[in-house]
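The file query01.cif contains mmCIF, C-alpha atoms and all ligand atoms:
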```cif
data_run
loop_
_atom_site.label_atom_id
_atom_site.label_comp_id
_atom_site.auth_asym_id
_atom_site.auth_seq_id
_atom_site.Cartn_x
_atom_site.Cartn_y
_atom_site.Cartn_z
CA MET A 203 27.77 -25.34 -36.37
CA LYS A 204 26.48 -22.63 -34.00
CA LYS A 205 29.15 -20.91 -31.90
CA ILE A 206 27.91 -20.06 -28.42
CA ALA A 207 29.61 -18.50 -25.40
CA VAL A 208 28.22 -18.42 -21.86
CA CYS A 209 29.75 -15.89 -19.45
CA GLY A 210 29.15 -16.82 -15.80
CA VAL A 211 28.83 -20.60 -16.17
CA THR A 212 29.43 -21.29 -12.46
CA GLY A 213 26.50 -19.09 -11.37
CA ALA A 214 22.86 -19.96 -10.73
CA VAL A 215 21.73 -18.64 -14.14
CA GLY A 216 24.78 -19.74 -16.14
CA LYS A 217 24.38 -23.37 -15.02
CA GLU A 218 20.77 -23.35 -16.22
CA VAL A 219 21.72 -21.77 -19.54
CA LEU A 220 24.04 -24.75 -20.12
CA ARG A 221 21.18 -27.16 -19.32
CA CYS A 222 18.71 -25.34 -21.57
CA LEU A 223 21.21 -25.34 -24.44
CA GLY A 224 21.25 -29.12 -24.08
CA HIS A 225 17.43 -29.48 -23.85
CA LEU A 226 16.31 -27.14 -26.61
CA PRO A 227 16.79 -28.25 -30.22
CA PHE A 228 19.86 -26.16 -31.09
CA GLY A 229 21.46 -28.95 -33.09
CA GLU A 230 25.22 -29.04 -33.28
CA LEU A 231 26.97 -26.29 -31.42
CA SER A 232 30.38 -25.39 -30.17
CA LEU A 233 30.35 -24.03 -26.65
CA THR A 234 32.82 -21.82 -24.79
CA CYS A 235 32.43 -21.41 -21.02
CA TYR A 236 33.63 -18.25 -19.31
CA ALA A 237 33.72 -17.22 -15.66
CA SER A 238 36.04 -15.12 -13.51
CA GLU A 239 39.65 -15.94 -12.80
CA ARG A 240 38.46 -17.67 -9.62
CA SER A 241 37.03 -20.47 -11.76
CA ALA A 242 39.41 -20.41 -14.71
CA GLY A 243 40.93 -23.84 -15.36
CA LYS A 244 38.22 -25.70 -13.39
CA GLU A 245 36.01 -28.17 -15.18
CA VAL A 246 32.28 -27.83 -15.72
CA GLN A 247 29.88 -30.56 -16.79
CA THR A 248 27.77 -29.53 -19.76
CA PRO A 249 25.27 -31.40 -21.95
CA PHE A 250 28.02 -31.32 -24.57
CA GLY A 251 30.64 -32.96 -22.36
CA THR A 252 33.11 -31.74 -19.76
CA GLN A 253 34.58 -28.34 -20.54
CA THR A 254 37.38 -26.31 -19.02
CA ILE A 255 36.25 -22.89 -17.83
CA GLU A 256 38.12 -20.00 -19.41
CA ARG A 257 38.79 -16.67 -17.75
CA PHE A 258 36.64 -14.08 -19.53
CA SER A 259 38.52 -11.59 -21.66
CA MET A 260 37.23 -9.12 -24.24
CA GLU A 261 40.00 -10.10 -26.61
CA GLU A 262 38.99 -13.78 -26.62
CA CYS A 263 35.19 -13.39 -26.54
CA ARG A 264 34.61 -12.57 -30.22
CA GLY A 265 33.14 -14.19 -33.33
CA PHE A 266 30.33 -16.05 -31.53
CA ASP A 267 26.82 -16.34 -32.92
CA VAL A 268 25.38 -15.83 -29.43
CA VAL A 269 26.98 -14.68 -26.17
CA PHE A 270 24.89 -15.15 -23.02
CA LEU A 271 25.82 -12.75 -20.22
CA CYS A 272 25.02 -14.25 -16.81
CA VAL A 273 27.30 -12.17 -14.59
CA SER A 274 26.17 -8.79 -13.17
CA GLY A 275 24.93 -5.35 -14.15
CA SER A 276 28.38 -3.83 -13.72
CA PHE A 277 29.92 -6.52 -15.93
CA SER A 278 27.28 -5.91 -18.62
CA SER A 279 27.69 -2.15 -18.39
CA LYS A 280 31.43 -2.54 -18.96
CA TYR A 281 31.39 -5.15 -21.74
CA GLY A 282 27.88 -5.56 -23.16
CA LYS A 283 27.92 -2.96 -25.95
CA GLN A 284 31.40 -3.86 -27.19
CA LEU A 285 30.59 -7.58 -27.08
CA SER A 286 27.57 -6.93 -29.29
CA ILE A 287 29.90 -5.35 -31.87
CA GLN A 288 32.39 -8.21 -31.98
CA ASN A 289 29.75 -11.00 -31.82
CA GLU A 290 26.49 -11.55 -33.71
CA VAL A 291 24.07 -11.36 -30.78
CA VAL A 292 24.47 -10.75 -27.04
CA ILE A 293 21.64 -11.76 -24.68
CA ASP A 294 22.04 -10.09 -21.32
CA ASN A 295 20.49 -11.47 -18.15
CA SER A 296 21.43 -8.48 -15.99
CA SER A 297 19.18 -5.48 -15.42
CA TYR A 298 21.65 -3.02 -16.95
CA PHE A 299 20.14 -2.53 -20.44
CA ARG A 300 16.54 -3.47 -19.71
CA LEU A 301 15.12 0.05 -19.81
CA ASP A 302 17.49 1.32 -22.50
CA ASP A 303 15.35 2.59 -25.42
CA ASP A 304 17.84 1.12 -27.90
CA VAL A 305 17.77 -2.38 -26.41
CA PRO A 306 14.71 -4.61 -26.81
CA LEU A 307 13.42 -6.35 -23.68
CA ILE A 308 12.15 -9.68 -24.91
CA ILE A 309 9.80 -12.48 -23.93
CA PRO A 310 9.48 -14.65 -27.06
CA GLU A 311 5.80 -15.45 -26.41
CA ILE A 312 5.04 -11.71 -26.40
CA ASN A 313 7.37 -9.52 -28.45
CA LEU A 314 10.10 -11.48 -30.26
CA SER A 315 9.66 -9.35 -33.40
CA ARG A 316 11.22 -6.40 -31.57
CA CYS A 317 14.63 -8.13 -31.86
CA LYS A 318 14.76 -7.20 -35.54
CA GLY A 319 17.86 -5.17 -36.32
CA HIS A 320 19.30 -5.55 -32.81
CA ARG A 321 22.48 -7.34 -31.72
CA LEU A 322 22.12 -6.59 -28.00
CA ILE A 323 18.99 -8.05 -26.38
CA SER A 324 17.91 -7.81 -22.77
CA ASN A 325 16.27 -10.59 -20.79
CA PRO A 326 13.63 -9.38 -18.30
CA ASN A 327 13.72 -9.47 -14.51
CA CYS A 328 12.67 -12.90 -13.25
CA THR A 329 9.57 -11.74 -11.35
CA THR A 330 8.47 -9.68 -14.34
CA ALA A 331 8.93 -12.53 -16.83
CA ILE A 332 6.89 -15.00 -14.76
CA LEU A 333 4.11 -12.46 -14.30
CA ALA A 334 4.15 -11.31 -17.93
CA VAL A 335 3.68 -14.72 -19.59
CA ALA A 336 0.53 -15.25 -17.51
CA LEU A 337 -0.71 -11.67 -17.70
CA TYR A 338 -0.22 -10.96 -21.40
CA PRO A 339 -2.95 -13.29 -22.77
CA ILE A 340 -5.40 -11.71 -20.27
CA TYR A 341 -4.22 -8.23 -21.27
CA ARG A 342 -4.75 -9.02 -24.97
CA GLN A 343 -8.32 -10.11 -24.38
CA PHE A 344 -9.57 -7.81 -21.63
CA SER A 345 -7.00 -4.97 -21.48
CA LEU A 346 -5.66 -3.91 -18.08
CA LYS A 347 -6.21 -0.90 -15.84
CA ARG A 348 -4.57 -1.93 -12.58
CA VAL A 349 -2.26 -4.75 -11.45
CA ILE A 350 -1.36 -5.34 -7.80
CA VAL A 351 1.26 -8.00 -7.09
CA SER A 352 2.75 -9.51 -3.92
CA THR A 353 5.70 -11.80 -4.48
CA TYR A 354 7.23 -14.74 -2.65
CA GLN A 355 10.73 -14.94 -4.14
CA ALA A 356 13.18 -17.82 -3.72
CA THR A 357 16.73 -17.33 -2.47
CA SER A 358 18.26 -18.43 -5.79
CA GLY A 359 16.94 -15.16 -7.20
CA SER A 360 19.96 -13.66 -5.42
CA GLY A 361 22.38 -16.17 -6.95
CA GLN A 362 24.17 -19.34 -5.98
CA ALA A 363 25.71 -17.91 -2.79
CA ALA A 364 22.27 -16.95 -1.46
CA MET A 365 20.96 -20.48 -2.03
CA ASP A 366 23.99 -21.86 -0.20
CA GLU A 367 23.30 -19.50 2.71
CA LEU A 368 19.72 -20.78 3.07
CA ALA A 369 21.02 -24.37 3.27
CA SER A 370 23.90 -23.72 5.67
CA GLN A 371 22.02 -21.31 7.95
CA THR A 372 18.94 -23.54 8.13
CA ALA A 373 21.25 -26.32 9.36
CA ASN A 374 22.82 -23.90 11.88
CA TYR A 375 19.41 -22.76 13.09
CA LEU A 376 18.14 -26.30 13.59
CA LYS A 377 21.32 -27.23 15.46
CA SER A 378 21.86 -24.14 17.61
CA GLY A 379 18.72 -22.01 17.35
CA LYS A 380 20.78 -19.29 15.65
CA ALA A 381 21.27 -18.36 12.02
CA GLY A 382 23.80 -15.94 10.57
CA HIS A 383 23.57 -13.91 7.37
CA ARG A 384 25.91 -12.50 4.71
CA GLN A 385 23.93 -12.47 1.47
CA PHE A 386 20.81 -11.04 3.11
CA ALA A 387 20.29 -8.15 5.55
CA HIS A 388 18.78 -10.57 8.09
CA PRO A 389 18.78 -14.35 8.61
CA ILE A 390 16.66 -16.00 5.92
CA PRO A 391 15.74 -19.39 7.53
CA PHE A 392 12.21 -19.38 8.98
CA ASN A 393 11.91 -15.72 8.05
CA LEU A 394 10.53 -13.40 5.34
CA LEU A 395 12.33 -10.31 4.07
CA PRO A 396 10.11 -7.61 2.54
CA ALA A 397 13.12 -5.91 0.95
CA ILE A 398 14.71 -7.09 -2.32
CA ASP A 399 17.40 -4.84 -3.78
CA ARG A 400 17.79 -1.25 -2.56
CA PHE A 401 14.99 1.13 -1.58
CA GLU A 402 14.08 3.96 -3.94
CA ALA A 403 12.96 7.47 -2.97
CA ASN A 404 9.29 6.51 -3.49
CA GLY A 405 9.44 3.83 -0.77
CA TYR A 406 9.36 0.92 -3.21
CA THR A 407 12.40 -1.27 -3.79
CA ARG A 408 14.27 -1.41 -7.08
CA GLU A 409 12.98 -4.98 -7.57
CA GLU A 410 9.39 -3.76 -7.16
CA MET A 411 9.88 -0.91 -9.64
CA LYS A 412 11.47 -3.29 -12.18
CA VAL A 413 8.12 -5.10 -12.37
CA VAL A 414 6.37 -1.79 -13.09
CA HIS A 415 8.76 -0.41 -15.71
CA GLU A 416 9.61 -3.70 -17.44
CA THR A 417 6.00 -4.89 -17.73
CA ARG A 418 5.07 -1.61 -19.39
CA LYS A 419 8.03 -1.85 -21.79
CA ILE A 420 7.32 -5.49 -22.72
CA PHE A 421 3.58 -4.84 -23.25
CA ASP A 422 4.44 -1.51 -24.94
CA ASP A 423 1.76 0.15 -22.83
CA ASP A 424 2.62 2.86 -20.30
CA SER A 425 -1.01 3.27 -19.24
CA ILE A 426 -1.09 0.14 -17.05
CA LEU A 427 -0.96 1.00 -13.34
CA LEU A 428 1.10 -1.49 -11.33
CA SER A 429 2.09 -1.80 -7.68
CA THR A 430 4.29 -4.59 -6.31
CA THR A 431 5.47 -5.75 -2.90
CA ALA A 432 8.47 -8.06 -3.32
CA VAL A 433 9.28 -10.48 -0.48
CA ARG A 434 12.18 -12.92 -0.16
CA VAL A 435 11.09 -16.27 1.29
CA PRO A 436 13.14 -19.24 2.53
CA THR A 437 12.68 -21.47 -0.52
CA PHE A 438 15.47 -22.52 -2.85
CA ARG A 439 13.90 -21.98 -6.18
CA ALA A 440 10.84 -20.71 -8.11
CA HIS A 441 9.09 -17.42 -7.44
CA ALA A 442 5.39 -17.22 -6.55
CA GLU A 443 3.20 -14.17 -7.05
CA SER A 444 -0.27 -13.26 -5.84
CA VAL A 445 -1.87 -11.08 -8.51
CA THR A 446 -4.96 -8.84 -8.40
CA ILE A 447 -6.06 -7.19 -11.62
CA GLN A 448 -8.65 -4.72 -12.76
CA THR A 449 -9.40 -5.15 -16.46
CA GLN A 450 -10.88 -2.58 -18.86
CA HIS A 451 -13.55 -5.03 -20.06
CA PRO A 452 -15.63 -7.43 -17.93
CA VAL A 453 -13.77 -10.65 -17.15
CA THR A 454 -14.71 -14.05 -15.72
CA PRO A 455 -12.57 -16.80 -14.17
CA ASP A 456 -13.84 -19.34 -16.71
CA ALA A 457 -12.88 -17.12 -19.67
CA VAL A 458 -9.42 -16.55 -18.22
CA ARG A 459 -8.95 -20.26 -17.51
CA GLU A 460 -9.79 -21.04 -21.12
CA ILE A 461 -7.45 -18.37 -22.48
CA LEU A 462 -4.59 -19.50 -20.27
CA GLN A 463 -5.12 -23.18 -21.15
CA ASN A 464 -4.24 -22.22 -24.73
CA ALA A 465 -1.47 -19.75 -23.90
CA PRO A 466 2.17 -20.61 -24.66
CA GLY A 467 4.49 -20.90 -21.67
CA VAL A 468 1.62 -21.32 -19.20
CA VAL A 469 0.04 -24.32 -17.49
CA VAL A 470 -3.24 -23.97 -15.58
CA LYS A 471 -3.10 -25.68 -12.16
CA ASP A 472 -6.45 -24.77 -10.75
CA ASP A 473 -8.41 -27.40 -8.89
CA PRO A 474 -8.51 -26.08 -5.32
CA GLN A 475 -10.92 -28.80 -4.09
CA GLU A 476 -8.24 -31.36 -4.99
CA GLN A 477 -5.49 -29.14 -3.52
CA VAL A 478 -4.15 -28.39 -6.98
CA TYR A 479 -2.60 -24.93 -7.30
CA PRO A 480 0.77 -23.40 -8.24
CA MET A 481 3.63 -24.07 -5.82
CA PRO A 482 7.43 -23.63 -5.84
CA LEU A 483 7.99 -27.38 -5.45
CA THR A 484 5.87 -28.26 -8.49
CA SER A 485 7.11 -25.43 -10.70
CA THR A 486 10.81 -25.97 -9.95
CA GLY A 487 12.53 -27.34 -13.04
CA GLN A 488 9.43 -26.75 -15.21
CA TYR A 489 9.49 -24.61 -18.33
CA ASP A 490 5.86 -23.49 -18.05
CA VAL A 491 4.62 -20.97 -15.50
CA GLU A 492 1.86 -22.39 -13.30
CA VAL A 493 -1.34 -20.34 -12.86
CA GLY A 494 -4.16 -21.15 -10.46
CA ARG A 495 -6.49 -19.91 -7.70
CA ILE A 496 -8.25 -18.00 -10.50
CA ARG A 497 -11.27 -16.27 -8.98
CA ALA A 498 -13.46 -13.20 -9.32
CA ASN A 499 -12.35 -10.28 -7.20
CA PRO A 500 -15.34 -8.40 -5.74
CA ILE A 501 -13.32 -5.22 -5.14
CA PHE A 502 -13.23 -4.41 -8.86
CA GLY A 503 -16.68 -5.81 -9.61
CA GLU A 504 -17.12 -7.48 -12.99
CA CYS A 505 -13.62 -6.29 -14.01
CA GLY A 506 -11.81 -7.82 -11.02
CA LEU A 507 -9.79 -11.02 -10.93
CA ASP A 508 -7.31 -12.65 -8.53
CA PHE A 509 -4.87 -15.43 -9.33
CA PHE A 510 -1.64 -17.03 -8.15
CA VAL A 511 1.37 -17.76 -10.36
CA CYS A 512 4.49 -19.72 -9.74
CA GLY A 513 7.43 -20.13 -12.09
CA ASP A 514 11.01 -21.30 -12.01
CA GLN A 515 12.78 -17.96 -12.05
CA LEU A 516 16.07 -19.53 -13.12
CA LEU A 517 14.27 -20.91 -16.18
CA LYS A 518 11.46 -18.71 -17.55
CA GLY A 519 12.80 -15.85 -15.42
CA ALA A 520 16.31 -16.17 -16.85
CA ALA A 521 18.02 -19.08 -18.65
CA LEU A 522 15.06 -20.59 -20.50
CA ASN A 523 13.82 -17.24 -21.77
CA ALA A 524 17.34 -16.29 -22.91
CA THR A 525 17.92 -19.57 -24.75
CA GLN A 526 14.41 -19.48 -26.27
CA ILE A 527 15.24 -16.04 -27.69
CA ALA A 528 18.47 -17.42 -29.19
CA LEU A 529 16.77 -20.49 -30.63
CA GLN A 530 13.99 -18.48 -32.22
CA LEU A 531 16.50 -16.03 -33.69
CA PHE A 532 18.38 -18.95 -35.25
CA ASP A 533 15.08 -20.30 -36.60
CA ALA A 534 14.25 -16.88 -38.05
CA ASN A 535 17.68 -16.52 -39.68
CA HIS A 536 18.24 -13.37 -37.62
CA PHE A 537 21.99 -13.86 -37.95
CA LYS A 538 21.98 -13.33 -41.70
CA GLN A 539 20.35 -9.88 -41.49
N1 LIG A 601 19.35 -15.71 -10.02
C1 LIG A 601 18.26 -15.38 -10.70
O1 LIG A 601 17.17 -15.91 -10.44
C2 LIG A 601 18.32 -14.38 -11.80
C3 LIG A 601 17.20 -14.21 -12.60
C4 LIG A 601 17.23 -13.29 -13.64
C5 LIG A 601 18.38 -12.57 -13.86
N2 LIG A 601 19.46 -12.74 -13.04
C6 LIG A 601 20.67 -11.97 -13.35
O2 LIG A 601 21.60 -12.86 -13.97
C7 LIG A 601 22.94 -12.49 -13.62
C8 LIG A 601 23.63 -13.69 -12.98
O3 LIG A 601 22.94 -14.00 -11.77
P1 LIG A 601 23.24 -15.30 -10.91
O4 LIG A 601 22.14 -15.38 -9.94
O5 LIG A 601 23.54 -16.45 -11.77
O6 LIG A 601 24.59 -14.86 -10.15
P2 LIG A 601 25.68 -15.79 -9.45
O7 LIG A 601 25.11 -17.10 -9.06
O8 LIG A 601 26.28 -14.94 -8.39
O9 LIG A 601 26.78 -16.05 -10.60
C9 LIG A 601 27.62 -15.02 -11.09
C10 LIG A 601 28.51 -15.58 -12.18
O10 LIG A 601 29.30 -14.50 -12.71
C11 LIG A 601 30.66 -14.94 -12.79
N3 LIG A 601 31.55 -13.80 -12.71
C12 LIG A 601 31.73 -12.93 -11.71
N4 LIG A 601 32.65 -12.01 -12.05
C13 LIG A 601 33.07 -12.32 -13.31
C14 LIG A 601 34.01 -11.75 -14.22
N5 LIG A 601 34.73 -10.68 -13.92
N6 LIG A 601 34.19 -12.34 -15.43
C15 LIG A 601 33.46 -13.43 -15.79
N7 LIG A 601 32.55 -14.02 -14.96
C16 LIG A 601 32.36 -13.46 -13.74
C17 LIG A 601 30.80 -15.87 -11.61
O11 LIG A 601 31.95 -16.68 -11.83
P3 LIG A 601 32.92 -17.16 -10.61
O12 LIG A 601 32.27 -18.37 -10.02
O13 LIG A 601 34.19 -17.44 -11.32
O14 LIG A 601 32.99 -16.01 -9.64
C18 LIG A 601 29.49 -16.65 -11.72
O15 LIG A 601 29.63 -17.64 -12.72
C19 LIG A 601 22.82 -11.27 -12.71
O16 LIG A 601 22.93 -10.10 -13.47
C20 LIG A 601 21.40 -11.41 -12.15
O17 LIG A 601 20.85 -10.17 -11.75
C21 LIG A 601 19.47 -13.63 -12.04
#
```
Now that the file is in, can you turn its structure into structure tokens?
Ligand SMILES: NC(=O)c1ccc[n+]([C@@H]2O[C@H](COP(=O)([O-])OP(=O)(O)OC[C@H]3O[C@@H](n4cnc5c(N)ncnc54)[C@H](OP(=O)(O)O)[C@@H]3O)[C@@H](O)[C@H]2O)c1
Amino acid sequence: MKKIAVCGVTGAVGKEVLRCLGHLPFGELSLTCYASERSAGKEVQTPFGTQTIERFSMEECRGFDVVFLCVSGSFSSKYGKQLSIQNEVVIDNSSYFRLDDDVPLIIPEINLSRCKGHRLISNPNCTTAILAVALYPIYRQFSLKRVIVSTYQATSGSGQAAMDELASQTANYLKSGKAGHRQFAHPIPFNLLPAIDRFEANGYTREEMKVVHETRKIFDDDSILLSTTAVRVPTFRAHAESVTIQTQHPVTPDAVREILQNAPGVVVKDDPQEQVYPMPLTSTGQYDVEVGRIRANPIFGECGLDFFVCGDQLLKGAALNATQIALQLFDANHFKQ
């Protein structure tokens, strides 16, 4: 029987980790649900029955095969390393360890083998993960020089409270013509916010630079030039990204369509004449990342390509990726190393 703990079960990511544990073929497992003292004693519905949420404590959280951290960077910074000593494997959804040289940053479709010998594993940023599953098969075939990305990121990327704010403030706006804001710097209903996370000295936001640094680490290639503009949009769930690439070798839309049709974790939705393309509403709740609007980009000549991706950032961008890592480590007997 696999022993699994989820820290942060009441949050946007934690809830999806519970669902994925129920969907993926883990077999029999015993589950412990942790959150803060605010939630301790409350009940949570899980695919394995109703469970009582426990207040997280370092003393109690030990001896698990896998601990999923779905809390915050400061929580992971405080507890992550020690948890990986007193449990078999810790999979962290926060950004804290992602660029740590000693911690692998994993997307199973790309670099699962880098988990070998590690007990602490980092899950990538949601925007990065969605981009990377679509980009990697193209990178393998044509190599990449430049990647320019503009994102359209759902409110749930900022957690449960941000989603709730979109709902409540949209209702306020429709009723009174005014919307307030707490989770965001400005009202989010009927608006776009080109600022996700704090601004860095170079004028980019931290979210934008995560895409740059994490993509390079996952692909193990620091030569790729990337630039991102990250924008929060008033949707509940699923991030969309407009992507322009310059490849090293000549590329065609047909060749990329064929490669992506056979790529794991990707579904090609590309029939513009029939209004078929990736959208948040169709990718919400889906495991695969949608890719479409694949077309030649004249700016980079025969090496230029544009496409649009959309993926459920709570799934491939967080919970699904984390649980896929765990499942594949169980399958590979990682825990007996
Ligand atoms: N949202 C996304 O799309 C996404 C994608 C990728 C990665 N991430 C990362 O995943 C992590 C979780 O994000 P989220 O969006 O799920 O946040 P969230 O909705 O705000 O949930 C936070 C969770 O952490 C729990 N928590 C807070 N303080 C705690 C403590 N001291 N001990 C134990 N549990 C505590 C909360 O429990 P209470 O209800 O008891 O307060 C809640 O369950 C973050 O690091 C985030 O950056 C998020």
*Quick one: of A:Gln247, A:Ser352, A:Gln463, A:Thr357, who's nearest to ligand LIG 601 (chain A), counting all atoms listed in the file?*
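Smallest separation from ligand LIG 601 (chain A) among the options: A:Thr357.
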*asked:* Rounded to one decimal, what separation in Å do you get between atom O11 of ligand LIG 601 (chain A) and CA of Leu522 (chain A)?
replied: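 Going from atom O11 of ligand LIG 601 (chain A) over to CA of Leu522 (chain A) covers 19.4 Å.
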Kindly work out which residues sit at most 7 Å from ligand LIG 601 (chain A), using all atoms listed in the file, and give the list as an mmCIF file with C-alpha atoms, in the coordinates of the input.
```
data_model
loop_
_atom_site.group_PDB
_atom_site.id
_atom_site.type_symbol
_atom_site.label_atom_id
_atom_site.label_comp_id
_atom_site.auth_asym_id
_atom_site.auth_seq_id
_atom_site.Cartn_x
_atom_site.Cartn_y
_atom_site.Cartn_z
ATOM 1 C CA CYS A 209 29.750 -15.890 -19.450
ATOM 2 C CA GLY A 210 29.150 -16.820 -15.800
ATOM 3 C CA VAL A 211 28.830 -20.600 -16.170
ATOM 4 C CA THR A 212 29.430 -21.290 -12.460
ATOM 5 C CA GLY A 213 26.500 -19.090 -11.370
ATOM 6 C CA ALA A 214 22.860 -19.960 -10.730
ATOM 7 C CA VAL A 215 21.730 -18.640 -14.140
ATOM 8 C CA GLY A 216 24.780 -19.740 -16.140
ATOM 9 C CA TYR A 236 33.630 -18.250 -19.310
ATOM 10 C CA ALA A 237 33.720 -17.220 -15.660
ATOM 11 C CA SER A 238 36.040 -15.120 -13.510
ATOM 12 C CA GLU A 239 39.650 -15.940 -12.800
ATOM 13 C CA ARG A 240 38.460 -17.670 -9.620
ATOM 14 C CA SER A 241 37.030 -20.470 -11.760
ATOM 15 C CA ALA A 242 39.410 -20.410 -14.710
ATOM 16 C CA ARG A 257 38.790 -16.670 -17.750
ATOM 17 C CA PHE A 258 36.640 -14.080 -19.530
ATOM 18 C CA CYS A 272 25.020 -14.250 -16.810
ATOM 19 C CA VAL A 273 27.300 -12.170 -14.590
ATOM 20 C CA SER A 274 26.170 -8.790 -13.170
ATOM 21 C CA GLY A 275 24.930 -5.350 -14.150
ATOM 22 C CA PHE A 277 29.920 -6.520 -15.930
ATOM 23 C CA ASN A 295 20.490 -11.470 -18.150
ATOM 24 C CA SER A 296 21.430 -8.480 -15.990
ATOM 25 C CA SER A 297 19.180 -5.480 -15.420
ATOM 26 C CA ASN A 327 13.720 -9.470 -14.510
ATOM 27 C CA CYS A 328 12.670 -12.900 -13.250
ATOM 28 C CA SER A 358 18.260 -18.430 -5.790
ATOM 29 C CA GLY A 359 16.940 -15.160 -7.200
ATOM 30 C CA SER A 360 19.960 -13.660 -5.420
ATOM 31 C CA GLY A 361 22.380 -16.170 -6.950
ATOM 32 C CA GLN A 362 24.170 -19.340 -5.980
ATOM 33 C CA ALA A 363 25.710 -17.910 -2.790
ATOM 34 C CA GLN A 515 12.780 -17.960 -12.050
ATOM 35 C CA LEU A 516 16.070 -19.530 -13.120
ATOM 36 C CA GLY A 519 12.800 -15.850 -15.420
ATOM 37 C CA ALA A 520 16.310 -16.170 -16.850
#
```
*Choose the residue, out of A:Glu443, A:Glu290, A:Glu409, A:Asp533, that has the smallest atom-to-atom separation from Gly494 (chain A); count only C-alpha atoms.*
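Looking at the shortest contact to Gly494 (chain A), the residue is A:Glu443.
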*Selection: 10 Å around Pro455 (chain A), only C-alpha atoms, excl. self and same-chain fewer than 3 positions, as a list of chain:residue names*: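 The residues that qualify are A:Val458, A:Arg459, A:Glu460, A:Ile461, A:Arg495, A:Ile496, A:Arg497, A:Ala498, A:Asn499, A:Gly506, A:Leu507, A:Asp508, A:Phe509.
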How about saving the chosen residues, C-alpha atoms kept, as an mmCIF file, in the frame of the given file?
```
data_model
loop_
_atom_site.group_PDB
_atom_site.id
_atom_site.type_symbol
_atom_site.label_atom_id
_atom_site.label_comp_id
_atom_site.auth_asym_id
_atom_site.auth_seq_id
_atom_site.Cartn_x
_atom_site.Cartn_y
_atom_site.Cartn_z
ATOM 1 C CA VAL A 458 -9.420 -16.550 -18.220
ATOM 2 C CA ARG A 459 -8.950 -20.260 -17.510
ATOM 3 C CA GLU A 460 -9.790 -21.040 -21.120
ATOM 4 C CA ILE A 461 -7.450 -18.370 -22.480
ATOM 5 C CA ARG A 495 -6.490 -19.910 -7.700
ATOM 6 C CA ILE A 496 -8.250 -18.000 -10.500
ATOM 7 C CA ARG A 497 -11.270 -16.270 -8.980
ATOM 8 C CA ALA A 498 -13.460 -13.200 -9.320
ATOM 9 C CA ASN A 499 -12.350 -10.280 -7.200
ATOM 10 C CA GLY A 506 -11.810 -7.820 -11.020
ATOM 11 C CA LEU A 507 -9.790 -11.020 -10.930
ATOM 12 C CA ASP A 508 -7.310 -12.650 -8.530
ATOM 13 C CA PHE A 509 -4.870 -15.430 -9.330
#
```
